[in-house]
$ cat protein-v7.tsv   # TSV, C-alpha atoms
chain	number	residue	atom	x	y	z
A	478	MET	CA	1.69	15.03	20.17
A	479	LYS	CA	-1.47	14.84	22.28
A	480	GLU	CA	-1.75	11.09	21.68
A	481	THR	CA	1.92	10.62	22.55
A	482	THR	CA	1.46	12.58	25.77
A	483	ALA	CA	-1.54	10.41	26.70
A	484	ILE	CA	0.43	7.22	25.97
A	485	ILE	CA	3.35	8.37	28.11
A	486	ALA	CA	0.98	9.24	30.96
A	487	ALA	CA	-0.81	5.88	30.70
A	488	TYR	CA	2.54	4.04	30.61
A	489	ASP	CA	3.78	5.85	33.73
A	490	ARG	CA	0.62	4.87	35.63
A	491	LEU	CA	1.05	1.13	35.00
A	492	ASP	CA	2.00	-1.31	37.72
A	493	PHE	CA	4.38	-3.62	35.86
A	494	THR	CA	4.18	-6.22	38.62
A	495	LYS	CA	0.58	-6.82	37.51
A	496	VAL	CA	0.50	-6.17	33.75
A	497	GLU	CA	2.73	-6.36	30.72
A	498	VAL	CA	2.54	-3.93	27.84
A	499	ALA	CA	3.08	-3.57	24.09
A	500	LEU	CA	3.16	-0.66	21.67
A	501	ALA	CA	1.52	-0.73	18.23
A	502	THR	CA	2.77	1.87	15.73
A	503	VAL	CA	1.61	2.55	12.17
A	504	ILE	CA	4.84	2.41	10.17
A	505	ARG	CA	3.58	2.42	6.58
A	506	VAL	CA	0.42	3.47	4.78
A	507	GLU	CA	-0.14	2.81	1.10
A	508	GLY	CA	-3.28	4.39	-0.27
A	509	SER	CA	-6.02	5.68	2.02
A	510	SER	CA	-6.31	5.26	5.76
A	511	TYR	CA	-8.02	7.12	8.61
A	512	ARG	CA	-4.72	7.30	10.56
A	513	ARG	CA	-1.28	7.88	9.08
A	514	GLU	CA	2.28	6.83	9.87
A	515	GLY	CA	3.20	7.55	13.47
A	516	ALA	CA	-0.25	6.78	14.93
A	517	ARG	CA	0.18	4.48	17.89
A	518	MET	CA	-1.57	2.74	20.73
A	519	LEU	CA	-0.33	1.39	24.04
A	520	ILE	CA	-1.83	-2.01	24.86
A	521	THR	CA	-1.75	-3.88	28.16
A	522	SER	CA	-1.93	-7.62	28.72
A	523	ASP	CA	-5.29	-7.22	30.49
A	524	GLY	CA	-6.91	-5.72	27.41
A	525	GLN	CA	-6.71	-1.96	28.00
A	526	TRP	CA	-5.38	0.49	25.43
A	527	THR	CA	-4.57	4.16	24.96
A	528	GLY	CA	-4.33	5.87	21.57
A	529	GLY	CA	-5.39	4.35	18.27
A	530	ILE	CA	-4.22	3.14	14.86
A	531	SER	CA	-7.48	3.46	12.92
A	532	GLY	CA	-10.98	4.85	13.26
A	533	GLY	CA	-11.77	2.04	15.70
A	534	CYS	CA	-11.97	-0.94	13.36
A	535	LEU	CA	-8.43	-2.36	13.71
A	536	GLU	CA	-7.86	-1.81	17.41
A	537	GLY	CA	-9.57	-5.03	18.53
A	538	ASP	CA	-7.43	-7.22	16.26
A	539	ALA	CA	-4.31	-5.24	17.18
A	540	LEU	CA	-5.12	-5.88	20.85
A	541	ARG	CA	-5.20	-9.63	20.29
A	542	LYS	CA	-1.97	-9.58	18.29
A	543	ALA	CA	-0.32	-7.40	20.92
A	544	GLN	CA	-1.25	-9.88	23.65
A	545	ARG	CA	0.37	-12.64	21.57
A	546	ALA	CA	3.48	-10.50	21.03
A	547	ILE	CA	3.67	-10.00	24.79
A	548	PHE	CA	3.35	-13.77	25.33
A	549	LEU	CA	6.08	-14.54	22.76
A	550	GLN	CA	8.18	-11.50	23.73
A	551	LYS	CA	8.81	-10.86	20.04
A	552	PRO	CA	7.96	-7.87	17.82
A	553	LYS	CA	5.83	-8.41	14.73
A	554	VAL	CA	4.79	-6.34	11.72
A	555	VAL	CA	1.11	-6.86	10.88
A	556	THR	CA	-0.35	-5.82	7.53
A	557	TYR	CA	-4.00	-4.77	7.20
A	558	ASP	CA	-5.17	-4.72	3.59
A	559	THR	CA	-8.39	-2.75	3.11
A	560	THR	CA	-8.16	-2.89	-0.69
A	561	GLN	CA	-9.62	-6.41	-0.84
A	562	ASP	CA	-13.27	-7.49	-0.81
A	563	ASP	CA	-12.39	-10.64	1.13
A	564	PRO	CA	-14.86	-10.75	4.07
A	565	PHE	CA	-12.32	-12.74	6.11
A	566	GLN	CA	-9.65	-10.03	5.81
A	567	ILE	CA	-9.49	-7.79	8.89
A	568	GLY	CA	-10.37	-4.24	7.84
A	569	ALA	CA	-11.82	-5.24	4.46
A	570	SER	CA	-15.16	-3.63	5.34
A	571	LEU	CA	-13.57	-0.22	5.87
A	572	GLY	CA	-13.71	0.75	2.22
A	573	CYS	CA	-10.60	2.90	2.69
A	574	ASN	CA	-8.73	1.15	-0.12
A	575	GLY	CA	-5.39	1.21	1.65
A	576	ILE	CA	-2.67	-1.03	3.07
A	577	ILE	CA	-1.51	-0.39	6.63
A	578	ASP	CA	1.60	-1.87	8.25
A	579	VAL	CA	1.63	-1.86	12.05
A	580	LEU	CA	4.67	-2.68	14.16
A	581	ILE	CA	3.58	-4.40	17.39
A	582	GLU	CA	6.29	-4.85	19.98
A	583	PRO	CA	6.38	-5.88	23.64
A	584	LEU	CA	7.99	-3.34	25.96
A	585	ALA	CA	10.52	-4.04	28.68
A	586	PRO	CA	9.95	-1.40	31.39
A	587	GLU	CA	13.47	-1.90	32.71
A	588	ASN	CA	14.91	-0.91	29.32
A	589	PRO	CA	15.80	2.83	29.42
A	590	VAL	CA	15.57	3.07	25.63
A	591	ASN	CA	12.36	1.15	24.99
A	592	PRO	CA	10.05	2.94	22.51
A	593	VAL	CA	8.01	4.79	25.15
A	594	GLU	CA	11.13	5.90	27.01
A	595	LEU	CA	12.43	7.29	23.71
A	596	LEU	CA	9.15	9.16	23.26
A	597	LYS	CA	9.67	10.66	26.71
A	598	ILE	CA	13.13	11.87	25.71
A	599	CYS	CA	11.65	13.29	22.53
A	600	ALA	CA	8.91	15.15	24.41
A	601	GLN	CA	11.49	16.77	26.68
A	602	GLN	CA	13.35	18.37	23.77
A	603	GLY	CA	10.74	20.95	22.80
A	604	ALA	CA	12.01	20.80	19.22
A	605	ALA	CA	11.47	18.74	16.07
A	606	ALA	CA	12.93	15.24	16.36
A	607	ALA	CA	13.29	12.22	14.08
A	608	LEU	CA	12.76	8.69	15.39
A	609	ALA	CA	14.12	6.00	13.06
A	610	VAL	CA	13.04	2.37	13.51
A	611	VAL	CA	13.99	-0.84	11.70
A	612	THR	CA	10.81	-2.34	10.24
A	613	ALA	CA	12.14	-5.32	8.24
A	614	SER	CA	15.45	-7.14	8.16
A	615	PRO	CA	16.88	-10.55	7.26
A	616	GLU	CA	17.56	-12.83	10.21
A	617	GLY	CA	20.70	-11.79	12.07
A	618	GLU	CA	21.14	-8.42	10.38
A	619	ALA	CA	19.29	-5.75	12.40
A	620	PRO	CA	16.65	-6.48	15.03
A	621	VAL	CA	13.19	-5.26	14.02
A	622	GLY	CA	12.22	-2.44	16.37
A	623	SER	CA	15.76	-1.11	16.76
A	624	ARG	CA	15.55	2.67	17.08
A	625	LEU	CA	17.68	5.80	16.88
A	626	LEU	CA	16.42	9.20	18.09
A	627	PHE	CA	17.84	12.39	16.54
A	628	CYS	CA	17.27	16.03	17.45
A	629	ASN	CA	19.16	19.22	16.62
A	630	GLY	CA	21.66	17.29	14.53
A	631	GLN	CA	22.58	14.92	17.36
A	632	LEU	CA	21.90	11.29	18.22
A	633	LEU	CA	20.09	11.52	21.56
A	634	ALA	CA	19.51	7.84	22.26
A	635	GLY	CA	19.05	4.50	20.59
A	636	THR	CA	19.29	0.73	20.74
A	637	GLY	CA	22.25	-1.43	19.83
A	638	GLY	CA	22.65	-4.24	17.32
A	639	LEU	CA	22.93	-2.04	14.22
A	640	SER	CA	25.71	-2.19	11.69
A	641	GLU	CA	27.63	0.96	10.82
A	642	SER	CA	26.06	1.10	7.37
A	643	CYS	CA	22.57	0.78	8.83
A	644	ARG	CA	23.21	3.44	11.45
A	645	THR	CA	24.59	5.79	8.80
A	646	ALA	CA	21.60	5.25	6.51
A	647	MET	CA	19.17	5.87	9.38
A	648	GLU	CA	21.04	9.01	10.40
A	649	LYS	CA	20.94	10.37	6.84
A	650	GLY	CA	17.25	9.47	6.62
A	651	ALA	CA	16.56	11.30	9.87
A	652	ALA	CA	18.38	14.40	8.60
A	653	THR	CA	16.32	14.30	5.39
A	654	ALA	CA	13.05	13.90	7.32
A	655	LEU	CA	13.89	16.88	9.53
A	656	ARG	CA	15.00	19.01	6.58
A	657	HIS	CA	11.82	18.34	4.60
A	658	ALA	CA	9.53	18.16	7.68
A	659	HIS	CA	8.13	14.84	6.56
A	660	HIS	CA	8.09	11.15	7.48
A	661	LEU	CA	10.45	8.94	5.47
A	662	HIS	CA	10.86	5.31	4.43
A	663	GLY	CA	14.41	4.11	3.86
A	664	GLU	CA	16.16	0.98	2.67
A	665	VAL	CA	19.69	-0.36	3.12
A	666	PRO	CA	20.65	-2.85	0.36
A	667	LEU	CA	22.43	-6.05	1.37
A	668	ALA	CA	23.95	-8.91	-0.55
A	669	ALA	CA	21.87	-11.34	-2.61
A	670	GLY	CA	19.15	-8.78	-3.23
A	671	GLN	CA	18.17	-8.52	0.42
A	672	SER	CA	17.71	-5.27	2.34
A	673	ILE	CA	16.99	-3.64	5.69
A	674	ARG	CA	13.98	-1.35	5.70
A	675	PHE	CA	13.42	1.44	8.18
A	676	PHE	CA	10.88	4.16	8.90
A	677	VAL	CA	11.74	7.66	10.13
A	678	GLU	CA	8.95	9.39	12.02
A	679	LEU	CA	9.03	13.17	12.20
A	680	ILE	CA	7.89	14.17	15.69
A	681	LEU	CA	7.03	17.82	16.15
A	682	PRO	CA	6.46	19.60	19.46
A	683	PRO	CA	2.91	20.78	20.00
A	684	ILE	CA	1.83	24.12	18.57
A	685	HIS	CA	2.27	26.83	21.19
A	686	LEU	CA	-0.85	28.99	21.17
A	687	VAL	CA	-0.13	32.39	22.70
A	688	LEU	CA	-3.06	34.75	23.24
A	689	PHE	CA	-2.62	38.45	23.96
A	690	GLY	CA	-5.93	39.35	25.57
A	691	SER	CA	-7.92	39.25	28.80
A	692	ASN	CA	-11.55	39.12	27.67
A	693	TYR	CA	-14.01	36.23	27.83
A	694	ASP	CA	-13.42	35.26	24.17
A	695	VAL	CA	-9.98	33.82	24.99
A	696	VAL	CA	-11.72	30.91	26.77
A	697	PRO	CA	-13.23	29.07	23.75
A	698	LEU	CA	-9.97	29.40	21.81
A	699	LEU	CA	-8.00	28.02	24.75
A	700	GLU	CA	-10.52	25.18	25.09
A	701	LEU	CA	-10.01	24.25	21.44
A	702	GLY	CA	-6.26	24.46	21.94
A	703	GLN	CA	-6.53	22.00	24.81
A	704	ILE	CA	-8.64	19.60	22.73
A	705	LEU	CA	-6.05	19.74	19.95
A	706	GLY	CA	-3.18	19.07	22.35
A	707	TRP	CA	-1.57	22.49	21.92
A	708	LYS	CA	0.51	24.20	24.56
A	709	CYS	CA	-1.50	27.25	25.66
A	710	THR	CA	-0.31	30.56	27.11
A	711	VAL	CA	-2.31	33.72	27.67
A	712	THR	CA	-1.09	37.13	28.74
A	713	GLY	CA	-3.05	40.15	29.83
A	714	ASP	CA	-4.65	41.82	32.81
A	715	LEU	CA	-5.04	39.31	35.63
A	716	LYS	CA	-8.05	41.16	37.05
A	717	LYS	CA	-10.01	40.63	33.83
A	718	PHE	CA	-9.44	36.89	33.39
A	719	LYS	CA	-12.30	34.48	33.98
A	720	LYS	CA	-11.46	31.72	36.47
A	721	GLY	CA	-11.59	29.06	33.76
A	722	VAL	CA	-8.56	30.54	32.04
A	723	PHE	CA	-6.21	29.36	34.78
A	724	ARG	CA	-7.01	25.68	34.20
A	725	LEU	CA	-6.65	26.04	30.43
A	726	ALA	CA	-3.38	27.89	30.02
A	727	ASN	CA	-0.20	29.18	31.51
A	728	VAL	CA	-1.16	32.72	32.53
A	729	VAL	CA	1.54	35.38	32.30
A	730	PRO	CA	0.56	38.83	33.60
A	731	LYS	CA	1.03	41.58	31.01
A	732	ALA	CA	3.94	40.13	29.04
A	733	GLY	CA	2.69	42.21	26.13
A	734	VAL	CA	2.52	45.98	26.55
A	735	GLY	CA	5.32	47.13	28.82
A	736	GLY	CA	6.34	43.54	29.43
A	737	ASP	CA	8.99	41.13	28.26
A	738	LEU	CA	8.24	38.45	25.65
A	739	ALA	CA	10.86	36.26	27.32
A	740	ALA	CA	8.40	35.76	30.18
A	741	LEU	CA	6.18	33.83	27.76
A	742	LYS	CA	8.83	31.11	27.32
A	743	LEU	CA	7.90	30.68	23.66
A	744	GLY	CA	10.30	27.77	23.09
A	745	ASP	CA	10.65	26.54	19.50
A	746	MET	CA	9.64	29.65	17.55
A	747	ASN	CA	8.75	27.51	14.53
A	748	ARG	CA	5.72	26.22	16.47
A	749	VAL	CA	4.36	29.46	17.92
A	750	ALA	CA	0.95	30.87	16.93
A	751	ALA	CA	0.29	34.30	18.43
A	752	VAL	CA	-3.17	35.89	18.41
A	753	LEU	CA	-3.70	39.55	19.30
A	754	MET	CA	-7.18	39.85	20.79
A	755	ALA	CA	-7.05	42.65	23.35
A	756	HIS	CA	-9.97	44.50	21.73
A	757	ASP	CA	-7.96	47.67	22.32
A	758	PHE	CA	-6.27	49.53	19.46
A	759	THR	CA	-3.28	50.80	21.45
A	760	THR	CA	-2.66	47.42	23.08
A	761	ASP	CA	-2.83	45.47	19.82
A	762	TYR	CA	-0.61	48.07	18.16
A	763	SER	CA	2.04	47.76	20.88
A	764	ASN	CA	1.88	43.97	20.95
A	765	LEU	CA	2.23	43.69	17.16
A	766	LYS	CA	5.20	46.06	17.27
A	767	LYS	CA	6.81	43.80	19.86
A	768	LEU	CA	6.02	40.57	17.99
A	769	LEU	CA	7.19	41.60	14.52
A	770	PRO	CA	10.95	41.21	15.23
A	771	ALA	CA	10.33	37.73	16.70
A	772	ALA	CA	10.46	34.77	14.32
A	773	VAL	CA	6.85	33.79	14.96
A	774	PRO	CA	5.46	31.96	11.89
A	775	TYR	CA	1.81	32.78	12.64
A	776	MET	CA	0.59	36.13	13.95
A	777	ALA	CA	-3.10	37.01	13.86
A	778	MET	CA	-5.20	39.94	14.96
A	779	LEU	CA	-8.91	40.29	15.52
A	780	GLY	CA	-10.81	43.10	13.90
A	781	PRO	CA	-11.61	44.33	10.38
A	782	GLN	CA	-9.01	45.02	7.71
A	783	LYS	CA	-9.45	48.80	8.08
A	784	ARG	CA	-8.43	48.58	11.74
A	785	THR	CA	-5.37	46.50	10.88
A	786	GLN	CA	-4.41	48.96	8.14
A	787	ARG	CA	-4.58	51.84	10.63
A	788	ILE	CA	-2.19	49.94	12.89
A	789	LEU	CA	0.17	49.24	10.00
A	790	ASP	CA	0.04	52.89	8.92
A	791	ASP	CA	0.97	54.01	12.44
A	792	LEU	CA	3.85	51.51	12.49
A	793	GLU	CA	5.07	52.86	9.16
A	794	LYS	CA	5.19	56.36	10.65
A	795	GLU	CA	7.69	54.95	13.13
A	796	GLY	CA	9.74	53.48	10.29
A	797	ILE	CA	8.42	49.92	10.74
A	798	VAL	CA	7.40	48.53	7.36
A	799	LEU	CA	6.27	44.94	6.92
A	800	SER	CA	8.42	42.82	4.65
A	801	PRO	CA	6.79	40.36	2.22
A	802	GLU	CA	7.61	37.62	4.73
A	803	ASP	CA	5.94	39.61	7.52
A	804	GLU	CA	2.83	39.98	5.38
A	805	LYS	CA	2.68	36.20	4.96
A	806	ARG	CA	3.01	35.69	8.71
A	807	LEU	CA	0.34	38.23	9.65
A	808	HIS	CA	-3.26	37.03	9.43
A	809	ALA	CA	-5.68	39.88	9.88
A	810	PRO	CA	-8.56	39.51	10.23
A	811	ALA	CA	-7.78	36.29	12.07
A	812	GLY	CA	-9.43	33.04	11.04
A	813	LEU	CA	-10.99	31.28	8.08
A	814	ASP	CA	-14.13	32.56	6.40
A	815	ILE	CA	-16.71	30.15	7.82
A	816	GLY	CA	-19.43	32.65	8.68
A	817	ALA	CA	-18.47	32.79	12.36
A	818	THR	CA	-20.38	35.28	14.51
A	819	SER	CA	-20.19	33.88	18.08
A	820	PRO	CA	-17.02	33.74	20.23
A	821	GLU	CA	-17.05	29.95	19.92
A	822	ALA	CA	-17.36	29.94	16.13
A	823	ILE	CA	-14.74	32.68	15.81
A	824	ALA	CA	-12.42	30.57	17.97
A	825	LEU	CA	-13.08	27.62	15.65
A	826	SER	CA	-12.24	29.69	12.59
A	827	ILE	CA	-8.96	30.85	14.17
A	828	ALA	CA	-7.99	27.37	15.37
A	829	ALA	CA	-8.74	25.97	11.91
A	830	GLU	CA	-6.58	28.64	10.27
A	831	ILE	CA	-3.71	27.88	12.64
A	832	GLN	CA	-3.99	24.16	11.89
A	833	ALA	CA	-4.07	24.89	8.15
A	834	CYS	CA	-1.01	27.13	8.31
A	835	PHE	CA	1.10	24.69	10.31
A	836	GLY	CA	-0.15	21.84	8.13
A	837	GLY	CA	0.88	23.67	4.96
A	838	ARG	CA	-2.71	23.91	3.68
A	839	ASP	CA	-5.05	26.67	2.52
A	840	GLY	CA	-8.08	25.52	4.47
A	841	GLY	CA	-10.41	24.88	1.52
A	842	PHE	CA	-13.09	22.24	1.03
A	843	LEU	CA	-11.66	18.71	0.81
A	844	LYS	CA	-14.27	17.87	-1.83
A	845	ASN	CA	-12.54	20.34	-4.16
A	846	LYS	CA	-9.13	18.74	-3.64
A	847	THR	CA	-7.75	16.64	-6.48
A	848	GLY	CA	-5.59	13.70	-5.49
A	849	PRO	CA	-5.02	12.18	-2.04
A	850	ILE	CA	-5.87	14.03	1.15
A	851	TYR	CA	-2.45	13.28	2.63
A	852	GLU	CA	1.00	13.46	1.12
A	853	ALA	CA	2.92	10.19	0.99
A	854	ALA	CA	6.04	9.78	3.12
A	855	LEU	CA	9.41	10.38	1.47
A	856	THR	CA	11.52	7.44	0.33
A	857	THR	CA	15.27	7.04	0.21
A	858	HIS	CA	17.68	4.23	-0.62
A	859	ALA	CA	21.21	3.94	0.73
A	860	SER	CA	23.83	3.14	-1.88
$ encode --input "protein-v7.tsv" --output "structure tokens"
Amino acid sequence: MKETTAIIAAYDRLDFTKVEVALATVIRVEGSSYRREGARMLITSDGQWTGGISGGCLEGDALRKAQRAIFLQKPKVVTYDTTQDDPFQIGASLGCNGIIDVLIEPLAPENPVNPVELLKICAQQGAAAALAVVTASPEGEAPVGSRLLFCNGQLLAGTGGLSESCRTAMEKGAATALRHAHHLHGEVPLAAGQSIRFFVELILPPIHLVLFGSNYDVVPLLELGQILGWKCTVTGDLKKFKKGVFRLANVVPKAGVGGDLAALKLGDMNRVAAVLMAHDFTTDYSNLKKLLPAAVPYMAMLGPQKRTQRILDDLEKEGIVLSPEDEKRLHAPAGLDIGATSPEAIALSIAAEIQACFGGRDGGFLKNKTGPIYEAALTTHAS
């Protein structure tokens, strides 16, 4: 979401009386690639860009092709094949052994449902959304680049020119992508063996990092949250906060002990990561007691296991017993075992654990992983 936010900001700063603009979006990856489906870059006619579609090796060629798309005012799907040894093939020197399809399309700023405007609508929702786009179609069937945006079971916005069967297939594909929390490739069969292909991008709101603590060690964790594009909130004693905290996070005075969690404006609970780091037994105890009934998928607490067990024992005396699901949600001690001893390294271990949990991973060494690093997008075919 950080890249999307940067693209929206760059788009809003443009003077469209002086420049024209295109958007390049990775719509299919087969095999290995540094960036995956949904990576995008905003490109202007004067050669500037924001975002990226690779590790830096495809952007120059994409820039040239985007400038041509702007000149022709026509979208185009470009395929980069890094599986070949052909020295004349763009991207062949990457050694990634993958095939990358990129949709490059000129943007009309006056169009309220151009791709960036749809991203704006998506960002305003604060919930998981699915953006379906036509990526291939026979002439006269469905314009390439046609989009439909879905969120909370509703069609929020979209472009015209789609048949009922195509719209239905894209809607079903979006529902499947949201249900499985995964990107999806779909196909609508037509007569004579032809078909319309579409891609559904799952767009998640940023992780909401919520820290319960006022000490200096909240700063490095908030800094990492900012780098990762997370929404950051911290609550505690205002008098204890370092000045840097106020530029890094939304500061809510004492929403923990004696306060109201509603003041934290948690938003989509499925994206909340709460870390208890008050360095005070009574405060952490009270905050955990308050958090347990909330549907927060990640709760973590600093301190050794013995300290956590004392807190859990005291909760049990009050009749509060963790369910198996609660035990999965609670990470104590917080963080991955990376040998962290400084506040900065501890923050890194916690941020890495949060990323692993929301990414559905265990946080192990990639060298020990069998098979691809990334899961392939889902596929579906309309009947």
$ residues_near_point --input "protein-v7.tsv" --point "(-11.3, 25.8, 22.6)" --cutoff "10 Å" --atoms "only C-alpha atoms" --output "PyMOL selection string"
chain A and resi 694-705+725+821-822+824-825+828
$ atom_distance --input "protein-v7.tsv" --atom1 "atom CA of A:Ser672" --atom2 "atom CA of A:Pro615"
7.3 Å
$ atom_distance --input "protein-v7.tsv" --atom1 "atom CA of A:Val593" --atom2 "atom CA of A:Ala606"
14.5 Å
$ residues_around --input "protein-v7.tsv" --residues "A:Ala755" --least-positions-apart "4" --cutoff "12 Å" --atoms "all atoms listed in the file" --output "list in words"
Leu688, Phe689, Gly690, Ser691, Asn692, Tyr693, Asp694, Val695, Val711, Thr712, Gly713, Asp714, Lys717, Phe718, Lys731, Gly733, Val734, Thr759, Thr760, Asp761, Tyr762, Ser763, Asn764, Leu765, Ala777, Met778, Leu779 and Gly780 of chain A
$ closest_residue --input "protein-v7.tsv" --among "A:Phe676, A:Trp526, A:Tyr557, A:Phe842" --to "A:Tyr488" --atoms "all atoms listed in the file"
A:Trp526
$ closest_residue --input "protein-v7.tsv" --among "A:Asp538, A:Glu664, A:Glu480, A:Glu648" --to "A:Thr856" --atoms "all atoms listed in the file"
A:Glu664
$ atom_distance --input "protein-v7.tsv" --atom1 "atom CA of A:Glu793" --atom2 "atom CA of A:Ala809"
16.9 Å
